[in-house]
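Pasted below: protein_13.txt, compact mmCIF, C-alpha atoms (C1' of nucleotides).
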```
# COMPACT_ATOMS: atom_id res chain seq x y z
CA MET U 148 8.23 -4.45 -13.02
CA SER U 149 4.95 -5.39 -11.41
CA ASP U 150 6.84 -7.70 -9.14
CA GLN U 151 6.12 -6.68 -5.59
CA ARG U 152 8.32 -9.22 -3.83
CA THR U 153 6.83 -12.22 -5.61
CA ASP U 154 3.55 -11.31 -7.22
CA GLN U 155 0.24 -12.37 -5.83
CA LEU U 156 -0.47 -14.91 -8.54
CA SER U 157 2.70 -16.77 -7.58
CA ARG U 158 1.72 -16.67 -3.94
CA VAL U 159 -1.76 -17.96 -4.69
CA PHE U 160 -0.49 -20.87 -6.75
CA ALA U 161 2.17 -21.65 -4.16
CA ALA U 162 -0.39 -21.53 -1.36
CA LEU U 163 -2.65 -24.00 -3.14
CA SER U 164 0.20 -26.33 -4.02
CA ASP U 165 -0.07 -27.81 -0.53
CA PRO U 166 -2.82 -30.42 -0.04
CA THR U 167 -3.34 -29.43 3.57
CA ARG U 168 -3.88 -25.82 2.58
CA ARG U 169 -6.21 -26.80 -0.25
CA ASP U 170 -8.12 -28.85 2.27
CA MET U 171 -8.41 -25.89 4.59
CA VAL U 172 -9.74 -23.75 1.78
CA ALA U 173 -12.27 -26.47 1.03
CA ARG U 174 -13.30 -26.51 4.66
CA LEU U 175 -13.65 -22.74 4.71
CA THR U 176 -16.17 -22.77 1.89
CA GLU U 177 -18.55 -24.24 4.46
CA GLY U 178 -18.11 -21.25 6.70
CA ASP U 179 -15.62 -19.34 8.81
CA ALA U 180 -13.63 -21.35 11.30
CA THR U 181 -11.19 -20.82 14.14
CA VAL U 182 -7.60 -21.97 14.00
CA GLY U 183 -8.43 -24.79 16.37
CA ASP U 184 -11.31 -25.93 14.20
CA LEU U 185 -9.08 -26.00 11.18
CA ALA U 186 -6.31 -27.79 13.04
CA ALA U 187 -8.53 -30.56 14.39
CA PRO U 188 -8.58 -32.86 11.33
CA TYR U 189 -4.82 -32.82 10.88
CA ASP U 190 -2.17 -34.49 12.94
CA VAL U 191 0.02 -31.43 13.24
CA SER U 192 0.63 -28.79 15.87
CA LEU U 193 -1.46 -25.67 16.13
CA GLN U 194 1.60 -23.63 15.22
CA ALA U 195 1.95 -25.44 11.93
CA VAL U 196 -1.66 -24.66 11.10
CA SER U 197 -1.07 -21.07 12.09
CA LYS U 198 1.77 -20.93 9.58
CA HIS U 199 -0.40 -22.42 6.84
CA LEU U 200 -2.99 -19.77 7.53
CA LYS U 201 -0.33 -17.08 7.26
CA VAL U 202 0.58 -18.39 3.84
CA LEU U 203 -3.05 -18.35 2.77
CA GLU U 204 -3.42 -14.86 4.20
CA ASP U 205 -0.33 -13.55 2.41
CA ALA U 206 -1.80 -14.94 -0.79
CA GLY U 207 -4.98 -12.99 -0.12
CA LEU U 208 -7.04 -16.17 -0.03
CA VAL U 209 -8.06 -15.65 3.57
CA THR U 210 -8.58 -12.92 6.15
CA ARG U 211 -8.42 -13.20 9.93
CA THR U 212 -10.48 -11.04 12.20
CA ARG U 213 -10.62 -10.89 15.96
CA GLU U 214 -13.36 -12.28 18.17
CA ALA U 215 -12.50 -12.62 21.85
CA GLN U 216 -9.41 -14.86 22.07
CA ARG U 217 -10.44 -16.55 18.87
CA ARG U 218 -9.38 -15.55 15.39
CA PRO U 219 -12.03 -16.59 12.91
CA VAL U 220 -10.67 -17.28 9.45
CA HIS U 221 -12.67 -16.14 6.46
CA LEU U 222 -12.29 -17.23 2.86
CA GLU U 223 -11.86 -14.49 0.26
CA ALA U 224 -13.13 -16.23 -2.81
CA GLU U 225 -12.55 -13.32 -5.18
CA VAL U 226 -8.88 -14.20 -5.40
CA PHE U 227 -9.84 -17.30 -7.32
CA ASP U 228 -10.66 -15.00 -10.23
CA LEU U 229 -6.98 -14.12 -10.51
CA MET U 230 -6.12 -17.72 -11.24
CA THR U 231 -9.13 -18.42 -13.38
CA LYS U 232 -8.29 -15.45 -15.57
CA TRP U 233 -4.70 -16.58 -16.03
CA ILE U 234 -5.66 -20.16 -16.73
CA GLU U 235 -8.50 -19.34 -19.09
CA ARG U 236 -6.35 -16.96 -21.03
CA TYR U 237 -3.69 -19.49 -21.92
CA GLN U 238 -6.10 -22.36 -22.14
CA ARG U 239 -8.02 -20.36 -24.73
CA GLN U 240 -4.84 -19.38 -26.56
CA ALA U 241 -3.68 -22.97 -26.68
CA GLU U 242 -7.01 -24.08 -28.04
CA GLU U 243 -7.01 -21.32 -30.64
CA ARG U 244 -3.55 -22.25 -31.76
CA PHE U 245 -4.67 -25.81 -31.89
CA SER U 246 -7.51 -25.02 -34.26
CA ARG U 247 -5.25 -22.78 -36.32
CA LEU U 248 -2.86 -25.68 -36.58
CA ASP U 249 -5.71 -27.88 -37.63
CA ALA U 250 -6.68 -25.40 -40.30
CA LEU U 251 -3.07 -25.17 -41.43
CA LEU U 252 -2.81 -28.91 -41.71
CA ASP U 253 -6.00 -28.99 -43.72
CA GLU U 254 -4.61 -26.37 -46.05
CA MET U 255 -1.37 -28.28 -46.41
CA ASN U 256 -3.33 -31.35 -47.25
CA ASP U 257 -5.19 -29.39 -49.90
CA ARG U 258 -1.94 -28.17 -51.40
CA THR U 259 -0.56 -31.66 -51.33
CA ASP U 260 -3.66 -32.80 -53.13
CA GLN U 261 -2.99 -30.20 -55.81
CA THR U 262 0.75 -30.57 -56.30
CA GLN U 263 1.32 -34.15 -55.47
CA ASP U 264 -0.65 -37.23 -56.17
CA ASN U 265 -2.54 -38.37 -53.15
CA THR U 266 -3.03 -41.87 -51.92
CA GLN U 267 -6.60 -43.01 -51.93
CA GLY U 268 -8.74 -42.14 -48.97
CA GLY U 269 -5.86 -40.73 -47.00
CA THR U 270 -7.91 -39.00 -44.35
CA ALA U 271 -4.99 -38.56 -42.00
CA SER U 272 -5.99 -36.68 -38.86
CA MET H 92 3.01 -41.04 0.93
CA SER H 93 -0.63 -41.78 0.35
CA ASP H 94 -0.58 -40.86 -3.32
CA GLN H 95 2.11 -41.28 -5.89
CA ARG H 96 4.76 -39.11 -4.20
CA THR H 97 2.63 -35.99 -4.37
CA ASP H 98 -0.65 -35.75 -6.22
CA GLN H 99 -0.78 -34.15 -9.61
CA LEU H 100 -2.89 -31.20 -8.56
CA SER H 101 -0.22 -30.22 -6.06
CA ARG H 102 2.45 -30.55 -8.70
CA VAL H 103 0.50 -28.45 -11.17
CA PHE H 104 -0.06 -25.66 -8.67
CA ALA H 105 3.56 -25.82 -7.56
CA ALA H 106 4.78 -25.73 -11.14
CA LEU H 107 2.75 -22.62 -11.89
CA SER H 108 3.79 -20.87 -8.70
CA ASP H 109 7.01 -19.85 -10.45
CA PRO H 110 6.77 -16.78 -12.72
CA THR H 111 9.44 -18.10 -15.05
CA ARG H 112 7.54 -21.33 -15.51
CA ARG H 113 4.26 -19.50 -16.03
CA ASP H 114 6.04 -17.43 -18.62
CA MET H 115 7.26 -20.55 -20.39
CA VAL H 116 3.75 -21.95 -20.45
CA ALA H 117 2.54 -18.67 -21.89
CA ARG H 118 5.15 -18.86 -24.58
CA LEU H 119 4.30 -22.44 -25.38
CA THR H 120 0.73 -21.49 -26.17
CA GLU H 121 2.20 -19.89 -29.29
CA GLY H 122 3.69 -23.17 -30.39
CA ASP H 123 6.21 -25.84 -29.52
CA ALA H 124 9.72 -24.68 -28.75
CA THR H 125 13.13 -26.13 -28.09
CA VAL H 126 14.90 -25.79 -24.76
CA GLY H 127 17.22 -23.23 -26.28
CA ASP H 128 14.30 -21.17 -27.58
CA LEU H 129 12.71 -21.19 -24.17
CA ALA H 130 15.96 -20.32 -22.43
CA ALA H 131 16.73 -17.32 -24.64
CA PRO H 132 14.58 -14.68 -22.91
CA TYR H 133 15.86 -15.49 -19.43
CA ASP H 134 19.19 -14.72 -17.92
CA VAL H 135 19.77 -18.20 -16.55
CA SER H 136 21.75 -21.22 -17.62
CA LEU H 137 20.34 -23.81 -19.98
CA GLN H 138 20.48 -26.35 -17.17
CA ALA H 139 18.20 -24.24 -15.03
CA VAL H 140 15.68 -24.09 -17.86
CA SER H 141 15.98 -27.83 -18.28
CA LYS H 142 15.07 -28.22 -14.63
CA HIS H 143 12.07 -25.95 -15.01
CA LEU H 144 10.91 -28.06 -17.92
CA LYS H 145 11.27 -31.18 -15.84
CA VAL H 146 9.02 -29.67 -13.22
CA LEU H 147 6.45 -28.78 -15.86
CA GLU H 148 6.74 -32.26 -17.32
CA ASP H 149 6.31 -33.96 -13.95
CA ALA H 150 3.19 -31.88 -13.48
CA GLY H 151 1.90 -33.14 -16.82
CA LEU H 152 1.75 -29.64 -18.23
CA VAL H 153 4.27 -30.38 -20.93
CA THR H 154 5.68 -33.23 -22.96
CA ARG H 155 9.08 -33.50 -24.60
CA THR H 156 9.64 -35.48 -27.75
CA ARG H 157 12.82 -36.12 -29.67
CA GLU H 158 13.76 -34.50 -32.96
CA ALA H 159 17.43 -34.88 -33.92
CA GLN H 160 19.48 -33.40 -31.10
CA ARG H 161 16.66 -31.05 -30.26
CA ARG H 162 13.92 -31.67 -27.71
CA PRO H 163 10.77 -29.86 -28.74
CA VAL H 164 8.54 -29.01 -25.82
CA HIS H 165 4.80 -29.28 -26.25
CA LEU H 166 2.10 -27.84 -24.01
CA GLU H 167 -0.56 -30.23 -22.75
CA ALA H 168 -3.42 -27.86 -22.11
CA GLU H 169 -5.85 -30.48 -20.83
CA VAL H 170 -4.17 -30.42 -17.44
CA PHE H 171 -5.60 -26.96 -16.94
CA ASP H 172 -8.97 -28.61 -16.53
CA LEU H 173 -7.74 -30.24 -13.34
CA MET H 174 -7.20 -26.85 -11.76
CA THR H 175 -10.27 -25.24 -13.21
CA LYS H 176 -12.45 -28.00 -11.82
CA TRP H 177 -10.94 -27.66 -8.36
CA ILE H 178 -11.21 -23.88 -8.36
CA GLU H 179 -14.72 -23.73 -9.76
CA ARG H 180 -15.96 -26.25 -7.26
CA TYR H 181 -14.95 -24.25 -4.23
CA GLN H 182 -15.60 -20.91 -5.83
CA ARG H 183 -19.16 -22.01 -6.45
CA GLN H 184 -19.54 -23.43 -2.94
CA ALA H 185 -18.26 -20.23 -1.42
CA GLU H 186 -20.67 -18.17 -3.46
CA GLU H 187 -23.60 -20.39 -2.54
CA ARG H 188 -22.77 -20.15 1.12
CA PHE H 189 -22.49 -16.42 0.72
CA SER H 190 -26.00 -16.08 -0.63
CA ARG H 191 -27.36 -18.42 2.03
CA LEU H 192 -25.72 -16.20 4.64
CA ASP H 193 -27.26 -13.15 3.04
CA ALA H 194 -30.68 -14.72 3.22
CA LEU H 195 -30.13 -15.71 6.83
CA LEU H 196 -29.10 -12.22 7.79
CA ASP H 197 -32.18 -10.80 6.14
CA GLU H 198 -34.35 -13.19 8.08
CA MET H 199 -32.62 -12.35 11.34
CA ASN H 200 -33.18 -8.68 10.71
CA ASP H 201 -36.87 -9.32 10.17
CA ARG H 202 -37.14 -11.28 13.41
CA THR H 203 -35.28 -8.61 15.33
CA ASP H 204 -37.66 -5.99 14.04
CA GLN H 205 -40.60 -8.05 15.24
CA THR H 206 -39.51 -9.28 18.66
CA GLN H 207 -37.35 -6.48 19.99
CA ASP H 208 -37.71 -2.78 19.91
CA ASN H 209 -34.78 -0.57 19.01
CA THR H 210 -31.41 -0.21 20.70
CA GLN H 211 -32.68 2.48 23.05
CA GLY H 212 -32.92 1.75 26.76
CA GLY H 213 -31.68 -1.78 26.42
CA THR H 214 -30.53 -2.58 29.96
CA ALA H 215 -29.54 -6.00 28.91
CA SER H 216 -27.89 -7.90 31.75
C1' DC I 366 36.98 -40.13 -37.69
C1' DC I 367 36.53 -35.59 -35.17
C1' DT I 368 33.94 -31.64 -33.85
C1' DC I 369 30.18 -28.72 -32.96
C1' DT I 370 25.43 -28.15 -31.34
C1' DC I 371 21.86 -29.19 -28.13
C1' DC I 372 20.70 -30.84 -24.14
C1' DT I 373 20.79 -33.74 -19.63
C1' DC I 374 23.03 -35.59 -15.41
C1' DA I 375 25.60 -34.88 -11.07
C1' DA I 376 27.40 -32.31 -7.37
C1' DC I 377 27.12 -28.44 -4.80
C1' DC I 378 25.23 -24.17 -2.44
C1' DA I 379 22.06 -20.63 -0.39
C1' DG I 380 17.55 -19.86 0.80
C1' DA I 381 12.66 -21.11 1.42
C1' DC I 382 9.44 -24.48 3.40
C1' DG I 383 6.97 -27.55 6.65
C1' DG I 384 7.37 -29.33 10.77
C1' DT I 385 8.71 -29.29 15.74
C1' DT I 386 9.16 -27.31 20.75
C1' DG I 387 9.14 -23.53 24.15
C1' DA I 388 7.64 -19.09 25.66
C1' DC I 389 4.08 -15.76 26.07
C1' DA I 390 0.32 -12.36 24.74
C1' DA I 391 -4.70 -11.72 24.76
C1' DG I 392 -9.02 -12.51 26.73
C1' DG I 393 -12.72 -14.94 29.01
C1' DG I 394 -14.70 -17.95 33.15
C1' DT I 395 -14.81 -18.75 37.94
C1' DA S 152 -7.17 -12.19 41.36
C1' DC S 153 -6.10 -16.66 39.18
C1' DC S 154 -6.05 -19.86 35.64
C1' DC S 155 -7.43 -21.87 31.35
C1' DT S 156 -8.24 -21.45 26.49
C1' DT S 157 -6.71 -19.72 22.06
C1' DG S 158 -3.41 -18.56 19.17
C1' DT S 159 1.18 -16.20 17.74
C1' DC S 160 6.26 -15.47 17.84
C1' DA S 161 10.93 -17.30 17.78
C1' DA S 162 14.43 -20.61 17.24
C1' DC S 163 15.75 -24.75 15.36
C1' DC S 164 15.92 -28.81 12.11
C1' DG S 165 15.66 -31.74 7.88
C1' DT S 166 14.20 -31.48 3.23
C1' DC S 167 12.94 -29.36 -1.12
C1' DT S 168 14.06 -25.80 -4.60
C1' DG S 169 16.26 -22.78 -7.91
C1' DG S 170 20.40 -21.55 -9.19
C1' DT S 171 25.33 -22.48 -10.39
C1' DT S 172 29.44 -25.17 -12.67
C1' DG S 173 31.53 -29.26 -14.81
C1' DA S 174 31.19 -33.45 -17.38
C1' DG S 175 29.11 -36.09 -20.92
C1' DG S 176 25.55 -38.31 -24.30
C1' DA S 177 23.24 -38.02 -28.85
C1' DG S 178 23.17 -36.56 -33.53
C1' DA S 179 24.36 -33.67 -37.69
C1' DG S 180 28.12 -32.42 -40.55
C1' DG S 181 32.47 -31.62 -41.91
```
Any chance you could put this one into structure tokens?
Amino acid sequence: MSDQRTDQLSRVFAALSDPTRRDMVARLTEGDATVGDLAAPYDVSLQAVSKHLKVLEDAGLVTRTREAQRRPVHLEAEVFDLMTKWIERYQRQAEERFSRLDALLDEMNDRTDQTQDNTQGGTAS
Amino acid sequence: MSDQRTDQLSRVFAALSDPTRRDMVARLTEGDATVGDLAAPYDVSLQAVSKHLKVLEDAGLVTRTREAQRRPVHLEAEVFDLMTKWIERYQRQAEERFSRLDALLDEMNDRTDQTQDNTQGGTAS
DNA sequence: CCTCTCCTCAACCAGACGGTTGACAAGGGT
DNA sequence: ACCCTTGTCAACCGTCTGGTTGAGGAGAGG
């Protein structure tokens, strides 16, 4: 299948399931940053931050280039589209089904009106 | 422990980071289903599916009601908004920064053209 | 009543995850 | 040359996770 050792979508969702990593992504929307910069706000070791960045990188959310001893981290915002597409798809489907269900219920109400006697003003949702 | 165990956004992302769970959500857009229905396509025990559903429920993506011995599972699509809002916010920010950077680079190019000559003979110390 | 269906709870296990510390590679600054 | 800054790699540790099996609760239906 299209499962290349856990697909990217899974990795993206997993990466963003950590508040610290979400925070880093938020920070990166303001511009590239070094590992040290990103580590500063948090009370964890630099190595931990390095690991977080590896997770983000493996998810394709981030790229790291080389600049002297520093490794500037850059946000790759296109990956967001992957999620948005997935979400929108099922969100839309759920809404469609919802309106179909509404229509169905309306129809059932109509039928009930025809076959059975209806109580007055029964505008049940 | 600042929030209630872990915040909902984290739980939602974590819940959707599993392909099986994403698949279940996809299936639920077509209508409510029982645990057995949901378990059928996968080669795992019913208990495992039950656990998956608990994760989805804790994330607020799903609700389970009671109907005889069965437990129909219902998708709560509103939770998607939580993610979409988060994503869109930073996606937009990243794009804005991108265009600002573009503009800045253009301006820098203009200035370079004015103040300096070309790369030739640049014995810069 | 007893049984069968549908599902959850509890215990357990292997592996992934987030964190730590220690060592060290890479590259300036002096 | 030396050292200091910046960051990664590796090993280790406690916890969470996804899976299993076994036991059992809640109803429908003989």
message: With 10 Å as the limit and counting all atoms listed in the file, what residues in chain H lie close to chain U? Please list them as a ChimeraX atom specification.
response: /H:97-110,113,116-122,166-172,174-175,177-189,192
statement: Pairwise distance, C1' of DC167 (chain S) with C1' of DT386 (chain I), equals 22.3 Å
- request: Show me which bits of chain I are within 10 Å of chain U, counting only C-alpha atoms (C1' of nucleotides), as a PyMOL selection string.
  value: chain I and resi 383-386+391-393
Restrict the calculation to only C-alpha atoms (C1' of nucleotides), then for each residue of chain S with any atom at most 9 Å from an atom of chain U give the closest atom pair and their distance in Å to one decimal, rows by chain and rising residue number, as a tab-separated table.
```
residue	atom	partner	partner_atom	distance
S:DT156	C1'	U:Gln216	CA	8.0
S:DT157	C1'	U:Gln216	CA	5.6
S:DG158	C1'	U:Arg217	CA	7.3
S:DT159	C1'	U:Ser197	CA	7.8
```
task: Give me, please, the distance in Å between CA of Leu147 (chain H) and CA of Arg112 (chain H), quoted to one decimal.
output: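 Going from CA of Leu147 (chain H) over to CA of Arg112 (chain H), I get 7.5 Å.
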Enclosing box along x, y and z for every listed atom of region 156-174 of chain S, padded 6 Å each side, centre and size in Å, one decimal, as lines of an AutoDock Vina configuration file:
```
center_x = 11.6
center_y = -24.5
center_z = 4.6
size_x = 51.8
size_y = 30.0
size_z = 55.9
```
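Straight-line separation from CA of Val202 (chain U) to C1' of DC382 (chain I): 10.8 Å.
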Generate N, CA and C atoms for region 169-185 of chain U and emit them as an mmCIF file, in the frame of the given file.
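Contents of part-v7.cif, freshly written:
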```cif
data_model
loop_
_atom_site.group_PDB
_atom_site.id
_atom_site.type_symbol
_atom_site.label_atom_id
_atom_site.label_comp_id
_atom_site.auth_asym_id
_atom_site.auth_seq_id
_atom_site.Cartn_x
_atom_site.Cartn_y
_atom_site.Cartn_z
ATOM 1 N N ARG U 169 -5.037 -26.667 0.622
ATOM 2 C CA ARG U 169 -6.210 -26.800 -0.250
ATOM 3 C C ARG U 169 -7.381 -27.331 0.568
ATOM 4 N N ASP U 170 -7.094 -28.272 1.418
ATOM 5 C CA ASP U 170 -8.120 -28.850 2.270
ATOM 6 C C ASP U 170 -8.740 -27.799 3.170
ATOM 7 N N MET U 171 -7.908 -26.951 3.712
ATOM 8 C CA MET U 171 -8.410 -25.890 4.590
ATOM 9 C C MET U 171 -9.322 -24.946 3.816
ATOM 10 N N VAL U 172 -8.904 -24.612 2.614
ATOM 11 C CA VAL U 172 -9.740 -23.750 1.780
ATOM 12 C C VAL U 172 -11.084 -24.426 1.554
ATOM 13 N N ALA U 173 -11.032 -25.717 1.244
ATOM 14 C CA ALA U 173 -12.270 -26.470 1.030
ATOM 15 C C ALA U 173 -13.160 -26.374 2.266
ATOM 16 N N ARG U 174 -12.538 -26.567 3.413
ATOM 17 C CA ARG U 174 -13.300 -26.510 4.660
ATOM 18 C C ARG U 174 -13.916 -25.132 4.865
ATOM 19 N N LEU U 175 -13.192 -24.110 4.465
ATOM 20 C CA LEU U 175 -13.650 -22.740 4.710
ATOM 21 C C LEU U 175 -14.795 -22.337 3.796
ATOM 22 N N THR U 176 -15.014 -23.088 2.732
ATOM 23 C CA THR U 176 -16.170 -22.770 1.890
ATOM 24 C C THR U 176 -17.458 -23.098 2.627
ATOM 25 N N GLU U 177 -17.359 -23.899 3.677
ATOM 26 C CA GLU U 177 -18.550 -24.240 4.460
ATOM 27 C C GLU U 177 -18.799 -23.226 5.564
ATOM 28 N N GLY U 178 -17.911 -22.266 5.688
ATOM 29 C CA GLY U 178 -18.110 -21.250 6.700
ATOM 30 C C GLY U 178 -16.816 -20.905 7.412
ATOM 31 N N ASP U 179 -16.801 -19.763 8.075
ATOM 32 C CA ASP U 179 -15.620 -19.340 8.810
ATOM 33 C C ASP U 179 -15.300 -20.369 9.889
ATOM 34 N N ALA U 180 -14.041 -20.393 10.278
ATOM 35 C CA ALA U 180 -13.630 -21.350 11.300
ATOM 36 C C ALA U 180 -12.478 -20.770 12.092
ATOM 37 N N THR U 181 -12.309 -21.250 13.314
ATOM 38 C CA THR U 181 -11.190 -20.820 14.140
ATOM 39 C C THR U 181 -9.973 -21.666 13.792
ATOM 40 N N VAL U 182 -8.828 -21.229 14.252
ATOM 41 C CA VAL U 182 -7.600 -21.970 14.000
ATOM 42 C C VAL U 182 -7.712 -23.380 14.556
ATOM 43 N N GLY U 183 -8.261 -23.489 15.743
ATOM 44 C CA GLY U 183 -8.430 -24.790 16.370
ATOM 45 C C GLY U 183 -9.311 -25.708 15.538
ATOM 46 N N ASP U 184 -10.419 -25.156 15.069
ATOM 47 C CA ASP U 184 -11.310 -25.930 14.200
ATOM 48 C C ASP U 184 -10.552 -26.485 13.010
ATOM 49 N N LEU U 185 -9.793 -25.600 12.393
ATOM 50 C CA LEU U 185 -9.080 -26.000 11.180
ATOM 51 C C LEU U 185 -7.981 -27.010 11.497
#
```
